[in-house]
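A short write-up of the structure that comes next.
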4 protein chains.
Amino acid sequence: MNIEKFQIAEFNNARQSDHQRSFEYTAEKIPNLNDILQKLQDFQVAIPSWALGTGGTRFGRFSGSGEPRNLEEKIADIGLLHALNKSSGAISLHIPWDIPENAAAIKALAAQHDIRFDAVNSNTFQDQPDQALSYKFGSLHHTDKAVRKQAIEHNIEVIRYGMELGSESLTVWLSDGSCFPGQLNFRGAFKRTLESLQEIYAALPDAWKLYIEYKAYEPNFYSTTIGDWGQSLLFASKLGPKAYTLVDLGHHLPNANIEQIVALLLMEGKLAGFHFNDSKYGDDDLTVGSINPYQLFLIFNELVEGMDARGMNHANDLGWMIDASHNVKDPLEDLLQSVEAIMIAYAQALLVDTKALQQAQLNNDAVAAQEILQHAFRTDVRPLVAQARLLSGGVADPVAFYRQFKVREQLIKERGLKTVATGL
Amino acid sequence: MNIEKFQIAEFNNARQSDHQRSFEYTAEKIPNLNDILQKLQDFQVAIPSWALGTGGTRFGRFSGSGEPRNLEEKIADIGLLHALNKSSGAISLHIPWDIPENAAAIKALAAQHDIRFDAVNSNTFQDQPDQALSYKFGSLHHTDKAVRKQAIEHNIEVIRYGMELGSESLTVWLSDGSCFPGQLNFRGAFKRTLESLQEIYAALPDAWKLYIEYKAYEPNFYSTTIGDWGQSLLFASKLGPKAYTLVDLGHHLPNANIEQIVALLLMEGKLAGFHFNDSKYGDDDLTVGSINPYQLFLIFNELVEGMDARGMNHANDLGWMIDASHNVKDPLEDLLQSVEAIMIAYAQALLVDTKALQQAQLNNDAVAAQEILQHAFRTDVRPLVAQARLLSGGVADPVAFYRQFKVREQLIKERGLKTVATGL
Amino acid sequence: MNIEKFQIAEFNNARQSDHQRSFEYTAEKIPNLNDILQKLQDFQVAIPSWALGTGGTRFGRFSGSGEPRNLEEKIADIGLLHALNKSSGAISLHIPWDIPENAAAIKALAAQHDIRFDAVNSNTFQDQPDQALSYKFGSLHHTDKAVRKQAIEHNIEVIRYGMELGSESLTVWLSDGSCFPGQLNFRGAFKRTLESLQEIYAALPDAWKLYIEYKAYEPNFYSTTIGDWGQSLLFASKLGPKAYTLVDLGHHLPNANIEQIVALLLMEGKLAGFHFNDSKYGDDDLTVGSINPYQLFLIFNELVEGMDARGMNHANDLGWMIDASHNVKDPLEDLLQSVEAIMIAYAQALLVDTKALQQAQLNNDAVAAQEILQHAFRTDVRPLVAQARLLSGGVADPVAFYRQFKVREQLIKERGLKTVATGL
Amino acid sequence: MNIEKFQIAEFNNARQSDHQRSFEYTAEKIPNLNDILQKLQDFQVAIPSWALGTGGTRFGRFSGSGEPRNLEEKIADIGLLHALNKSSGAISLHIPWDIPENAAAIKALAAQHDIRFDAVNSNTFQDQPDQALSYKFGSLHHTDKAVRKQAIEHNIEVIRYGMELGSESLTVWLSDGSCFPGQLNFRGAFKRTLESLQEIYAALPDAWKLYIEYKAYEPNFYSTTIGDWGQSLLFASKLGPKAYTLVDLGHHLPNANIEQIVALLLMEGKLAGFHFNDSKYGDDDLTVGSINPYQLFLIFNELVEGMDARGMNHANDLGWMIDASHNVKDPLEDLLQSVEAIMIAYAQALLVDTKALQQAQLNNDAVAAQEILQHAFRTDVRPLVAQARLLSGGVADPVAFYRQFKVREQLIKERGLKTVATGL
């Protein structure tokens with residue numbers, strides 16, 4: 001299905017006067033309004049190809065309906081999102097769940113939807129039907145050199161797919177680890193992983209980056225070989241200037257101060273970017289901003305301040321991706337909510353009075369620092385985000401549009417009631 | 001020092017047109033505006049007498065200046081807060097840190113400031129200089145009957161002090177527990193505690209309530225005898241209809257769903273009320289709303305919905321108290337920020353479209369439910385809170401007033417640079 | 001395959017003198033030796049029918065080989081375990097994964113292996129292919145009465161299956177909960193669950209017990225409707241004397257003091273029994289005793305002391321079950337290790353000098369209490385456990401036997417290399 | 001008081017035959033017995049000067065009796081411990097709590113007790129009475145250069161004290177951090193800390209090491225400037241070859257895999273050593289091995305394997321220190337239990353069949369790996385530890401001796417009932 005221009009116009013018109021009033025009220029207090037609106041328009045969040053279908057847990061999976069059956073339909077889904085919010089103009093592909101058999105055609109299709117290809121993702125945490133050797137006991141850290149070789153070659157193959165599509169980064173997330181004390185020699189595992197990553201690194205094209213993701217636990221429940229930011233940074237430092245640390249918000253131990261980690265990685269010039277989601281207990285992969293939106297804001301506060309300090313470009317110099325799992329929501333609605341939460345947090349961070357904050361910090365004035373941050377956070381920035389969206393041709397209220405125009409019902413008609421997205 | 005009416009008027013006048021514009025913009029979208037404003041005006045948060053001085057940790061304490069040196073000065077401090085925010089019209093006394101030697105005079109002083117006496121707090125977690133028996137190994141759960149007797153009598157004495165002042169509830173927080181496996185027989189500790197509480201319960205005046213606080217850990221680091229809401233509820237149920245469970249937000253294990261606990265205690269008719277604060281790791285006793293304001297809103301959402309379902313009076317039927325420790329902030333500024341955060345969360349909860357939420361819940365529509373809650377949370381309700389405050393005679397922006405009129409500097413002049421609040 | 005008596009004899013003979021020396025050394029310091037050996041012989045741990053195949057995580061599953069393809073083969077597997085360790089003489093069935101089509105034949109088969117039927121388990125956390133209504137949004141707590149009815153009837157059907165086999169208890173574990181704030185009305189969910197449980201309770205035969213399991217999180221990641229022991233106990237209390245709380249060691253928030261929970265449930269006469277496993281992060285379902293064996297010992301210490309105080313029979317008055325998931329181990333080897341860890345912890349707990357401990361507790365002598373507990377824990381009780389096993393006709397070293405006689409290789413020959421246990 | 005040789009002889013003689021029987025039984029299964037005994041004899045754990053008095057929490061402190069009133073008495077206390085267990089032949093001094101006014105005399109006193117001086121500890125987390133500038137908002141990270149300078153000079157002064165006594169390492173633990181979002185610029189704090197550490201590093205004598213301790217939280221409750229091992233390693237790497245990371249077991253987020261951190265720091269040649277203690281919730285500072293002795297064993301397993309792989313000397317190449325707080329135990333008894341737990345874990349680790357473990361790891365045989373580790377852990381090694389102690393002239397059972405000879409009662413006679421150790 002396609003979102004028609006006239007539908008958008010009609011929908012927006014009905015909300016125009018309300019929006020105008022809210023926007024004017026909000027805007028009049030903002031000195032650098034146009035700069036903020038431009039930054040909001042420029043900011044694009046990549047949608048992972050695996051997030052368009054209903055996820056599941058080890059206890060089961062409750063499928064949705066009208067889900068995309070192939071890569072083309074996944075791109076179409078992201079096209080729908082982007083048509084509505086104008087902030088989802090990128091896709092992050094997962095290989096082998098979504099192999100672009102015909103790269104040229106896939107590229108053309110994506111271009112139609114104004115979608116570029118963000119980081120490509122390898123998968124050595126599952127066995128594929130035709131796979132020679134098993135990843136049951138790991139991949140890049142495996143004690144068996146042949147398994148490592150297979151995993152290295154898979155990653156190099158993923159780079160090739162990415163090159164065909166115009167990606168410029170490879171995300172490596174390893175589930176490699178152990179479930180029981182004694183199962184693994186930690187040093188050995190680290191060294192073998194490093195050697196494997198060095199071979200992958202050597203195969204990276206010049207302009208590419210290697211994103212090294214870390215995760216505290218799951219699916220291994222005793223140790224993970226790239227378990228925290230310290231380990232990821234150690235790998236990235238040993239590998240070289242094209243290697244960076246990727247932060248997935250759900251991949252930490254309880255109570256971790258993620259914003260501090262982000263600030264330090266930025267300081268070291270080693271922050272790759274993000275897998276956004278939210279969580280209450282572990283890697284819950286919930287909608288971004290659904291559990292602790294203030295933490296999300298604090299992370300964006302560090303990002304804005306830290307990137308500005310290094311003269312970085314907000315939109316392009318880091319990888320912005322969602323990685324969530326939609327077990328009880330319509331995946332497209334969930335993604336609309338996630339992107340909205342990200343844009344809101346980013347807008348709030350842009351509102352922070354940096355100079356006043358720096359002054360408060362110099363004075364160790366924790367009260368004033370909190371007032372400054374919470375003033376930005378308590379400000380209702382939704383009219384700003386909507387204005388940026390409208391300026392880019394999107395809709396005033398994406399979720400409302402999606403429901404009013406019965407998008408899912410259309411997709412079910414086109415694709416059927418019982419569909420399972422590839423890779424799920 | 002006193003806040004003069006003309007100072008307030010002058011301060012508010014300078015902000016009047018800005019406030020008016022913000023208030024009108026916010027108010028026009030709210031159907032039950034007057035009801036909400038009235039509720040905000042009625043809502044009073046008790047200030048604990050121990051929160052008016054700078055706290056500390058086991059690693060040290062960095063005193064503030066101009067801190068209250070006695071109960072009279074503590075009441076004066078709360079009077080200042082209340083004059084500014086009109087939402088702090090109650091005090092929660094801690095015995096023996098703040099013994100009202102002359103109850104009539106103290107009552108009169110409090111009345112001057114429009115302050116009533118909320119729950120009185122006993123202390124059997126420290127040894128006082130003149131104390132016969134030590135609480136090193138517990139109080140109400142102690143293996144030695146004489147220690148239990150001493151602790152019971154102290155609680156009964158605290159009730160007497162409370163009666164003289166017009167309090168109607170006793171909060172019992174026990175640090176009783178153990179630091180090492182084997183140190184304690186859990187069943188024995190529970191039974192002895194129950195017997196002790198029964199004696200205290202028997203001494204409660206008719207109109208009084210007994211608030212039983214729980215805490216997961218600290219200062220005991222292996223077990224706490226009233227360690228979670230389940231244990232507190234078990235005690236409250238065995239004691240009788242005047243016994244309730246008190247929730248301190250910082251007294252839980254990591255990731256606990258506190259709002260669910262609140263909802264269930266309300267359902268059982270056994271919720272006493274709150275000790276408000278915020279935390280990232282443990283019982284950090286930080287400013288309310290400084291770490292996770294969305295959680296605070298979710299708790300108030302349960303409170304509003306649950307109290308309304310039972311026909312309860314928001315302002316009077318539960319105990320609303322702050323329990324924080326101000327290690328790096330001016331205690332009065334910290335309390336102003338805490339009360340503001342509470343009022344904001346309450347106002348947001350009052351904005352929730354309950355009917356729409358119930359409909360979404362019936363439909364298992366998690367997307368709509370989130371939209372409804374986050375709409376309320378994302379609304380900037382500060383103008384509503386300010387309006388309620390202004391209607392009650394308070395100031396538009398309490399922290400700004402406090403700083404502009406150099407309140408702390410005045411207090412230092414009156415009390416001295418080096419003061420230590422009693423009990424600290 | 002069958003373990004032959006002569007194989008056992010041969011295996012044990014080769015180890016006899018070593019064992020005898022170790023046993024004598026260990027035994028001579030134990031006053032109540034025969035009582036302890038008898039208790040160890042009597043103690044039987046039920047094996048869940050779902051634990052005989054390789055488990056998995058949401059990220060994938062790496063199948064094992066020679067796994068049981070049906071209920072008969074599962075019983076045969078447990079028969080193997082029991083022949084080796086003489087402590088696995090019970091099975092806990094999961095419906096509908098393991099429906100006993102011909103109850104009489106299944107009963108006879110189990111009897112051949114000296115296996116009785118422990119608690120039967122219902123499953124309303126997954127949708128079965130032929131199921132009319134979905135459990136996507138819960139079962140016993142569902143807002144739709146028809147879904148609740150379906151789930152209630154399933155539970156009653158499970159009771160019927162259990163009655164045919166001689167079970168006397170039903171375990172209800174609900175995944176019912178919510179993933180997002182607002183999705184669920186907590187009170188409504190509690191009340192609907194209670195009503196549903198009341199209907200199931202009404203269908204319980206006289207001698208039966210209802211085991212109500214709780215879990216903090218997963219597969220729902222915001223709230224679980226029976227989320228902690230307090231909630232489970234609330235349900236059990238409202239339901240009546242046949243309802244009890246079941247403790248799964250992995251179902252708690254980080255750092256929970258499980259042994260205290262166990263002691264209090266025993267005190268209240270409401271402890272159903274256990275799902276044993278171990279974990280480092282969440283519900284990791286690792287081999288019992290593989291992460292924190294001291295905690296397991298502390299739990300058994302509470303059990304022995306608490307059951308003795310109530311005059312309970314260790315072997316029969318509570319339900320002893322394993323609930324683990326074997327992702328990287330041979331499931332049968334894993335279960336042998338789990339049962340061994342349980343027997344060791346139980347034996348250590350039986351060694352505790354209760355009188356001396358009580359005296360230390362009376363004196364608040366934490367040093368002595370620790371010495372007493374750690375003396376028992378540091379004692380190498382493996383010779384005692386082995387002796388009890390040998391007296392019952394088992395083997396000296398079950399894992400060694402299993403490997404020496406190549407049991408898995410035999411099973412692969414019989415069943416094939418690629419098998420998937422039902423329900424996985 | 002002094003422990004007399006004849007008292008030791010008498011005490012040991014009474015236990016000799018029992019010990020001999022246990023030792024022989026244990027020893028006969030150990031191939032490299034003498035090597036293990038020698039290593040156990042060589043291993044010395046430093047006692048921190050602040051651990052000889054009763055600790056406390058922010059809720060209060062319950063003093064003990066007969067506690068040391070000055071450094072001389074603290075050394076005497078450690079002398080008592082060492083006379084009993086022959087494994088406490090080192091002291092770790094805290095400045096300014098224990099300033100050695102007369103270094104020569106203090107050195108001579110320590111030498112009498114066969115005690116050497118391990119790492120010296122600076123303190124910039126508290127304000128001392130005569131201190132010019134406050135550490136309320138940090139020390140080495142402070143925004144005010146003058147405060148940083150004061151803190152740097154204090155550290156250099158501590159080095160000087162250490163040089164006089166023969167110490168060769170400085171432990172820096174900073175409480176520097178923040179309690180509220182916004183209070184601190186993380187990058188700025190890191191950079192200022194680095195500069196400060198560089199000045200201290202420059203003042204280190206050639207043979208000295210700088211130990212950089214990290215801690216997740218407390219006494220700051222939002223961020224800590226050296227918060228985890230990754231941050232500490234970053235500092236240590238930037239500083240140079242004499243800077244190392246110190247691991248305090250209680251300074252981690254919940255569920256952290258400490259043994260993996262230890263293995264990786266060893267791999268990087270950057271492990272300084274340990275502050276041993278145990279904990280259930282946070283930095284509980286409980287007796288070593290009192291909560292999770294298996295974790296302690298797993299850490300020692302990594303240490304033994306990793307040090308052997310690098311050809312390191314177990315006794316000398318890392319710093320072994322206790323850092324616990326004794327709130328409800330006699331400090332000396334607590335320390336005896338802590339050292340015993342360390343020796344037991346070390347002995348168990350020495351028993352691990354490394355070759356068999358490596359083979360199991362190569363085969364990804366998690367079952368065998370667990371059997372190997374748990375065989376070592378389940379072995380009762382107390383007779384080995386006792387034998388090493390006896391060979392060194394210590395007593396068979398230190399806690400029993402301490403009680404039998406009423407050591408505390410003697411100390412109370414000498415020092416008085418009400419004493420408070422310096423620094424507490």
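Every chain in the structure tokens has a letter given in the order shown (A, B, ...), and although residue numbers restart at 1 in each chain, ligands are simply numbered from 1 in the order shown.
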Report as a tab-separated table the residues of chain A within 9 Å of chain B, each with its shortest atom pair and distance in Å (one decimal), using only C-alpha atoms, ordered by chain and increasing residue number.
residue	atom	partner	partner_atom	distance
A:Arg21	CA	B:Tyr25	CA	8.9
A:Ser22	CA	B:Tyr25	CA	8.2
A:Tyr25	CA	B:Tyr25	CA	7.8
A:Pro254	CA	B:Pro254	CA	6.9
A:Asn255	CA	B:Tyr281	CA	5.9
A:Ala256	CA	B:Lys280	CA	8.7
A:Asn257	CA	B:Lys280	CA	8.7
A:Lys280	CA	B:Asn255	CA	6.2
A:Tyr281	CA	B:Asn255	CA	6.0
A:Ser290	CA	B:Gln370	CA	7.5
A:Ile291	CA	B:Tyr294	CA	7.4
A:Asn292	CA	B:Tyr294	CA	6.2
A:Pro293	CA	B:Tyr294	CA	6.9
A:Tyr294	CA	B:Asn292	CA	6.2
A:Gln295	CA	B:Asn292	CA	7.4
A:Val328	CA	B:Ala366	CA	7.2
A:Lys329	CA	B:Ala366	CA	6.3
A:Asp330	CA	B:Val367	CA	8.0
A:Glu333	CA	B:Val367	CA	7.0
A:Asp334	CA	B:Val367	CA	7.0
A:Gln337	CA	B:Val367	CA	8.1
A:Asn364	CA	B:Val328	CA	8.6
A:Asp365	CA	B:Lys329	CA	7.6
A:Ala366	CA	B:Lys329	CA	6.3
A:Val367	CA	B:Lys329	CA	6.3
A:Gln370	CA	B:Ser290	CA	7.5
A:Glu371	CA	B:Gln337	CA	8.4
A:Gln374	CA	B:Ser290	CA	8.4
A:Phe377	CA	B:Arg378	CA	8.9
A:Arg378	CA	B:Asp380	CA	5.8
A:Thr379	CA	B:Asp380	CA	5.6
A:Asp380	CA	B:Asp380	CA	5.3
A:Val381	CA	B:Arg378	CA	8.3
A:Arg382	CA	B:Arg378	CA	8.1
A:Val399	CA	B:Val367	CA	8.9
Query - Who sits within 7 Å of Ala263 (chain C), only C-alpha atoms, same chain under 2 positions skipped, as a ChimeraX atom specification - result: /B:186-187 /C:259-261,265-267,302,306
Query - All alpha helix (DSSP H) positions in region 307-418 of chain D, as number ranges by chain - result: D: 307-309, 331-351, 354-362, 366-378, 382-391, 398-404, 407-415
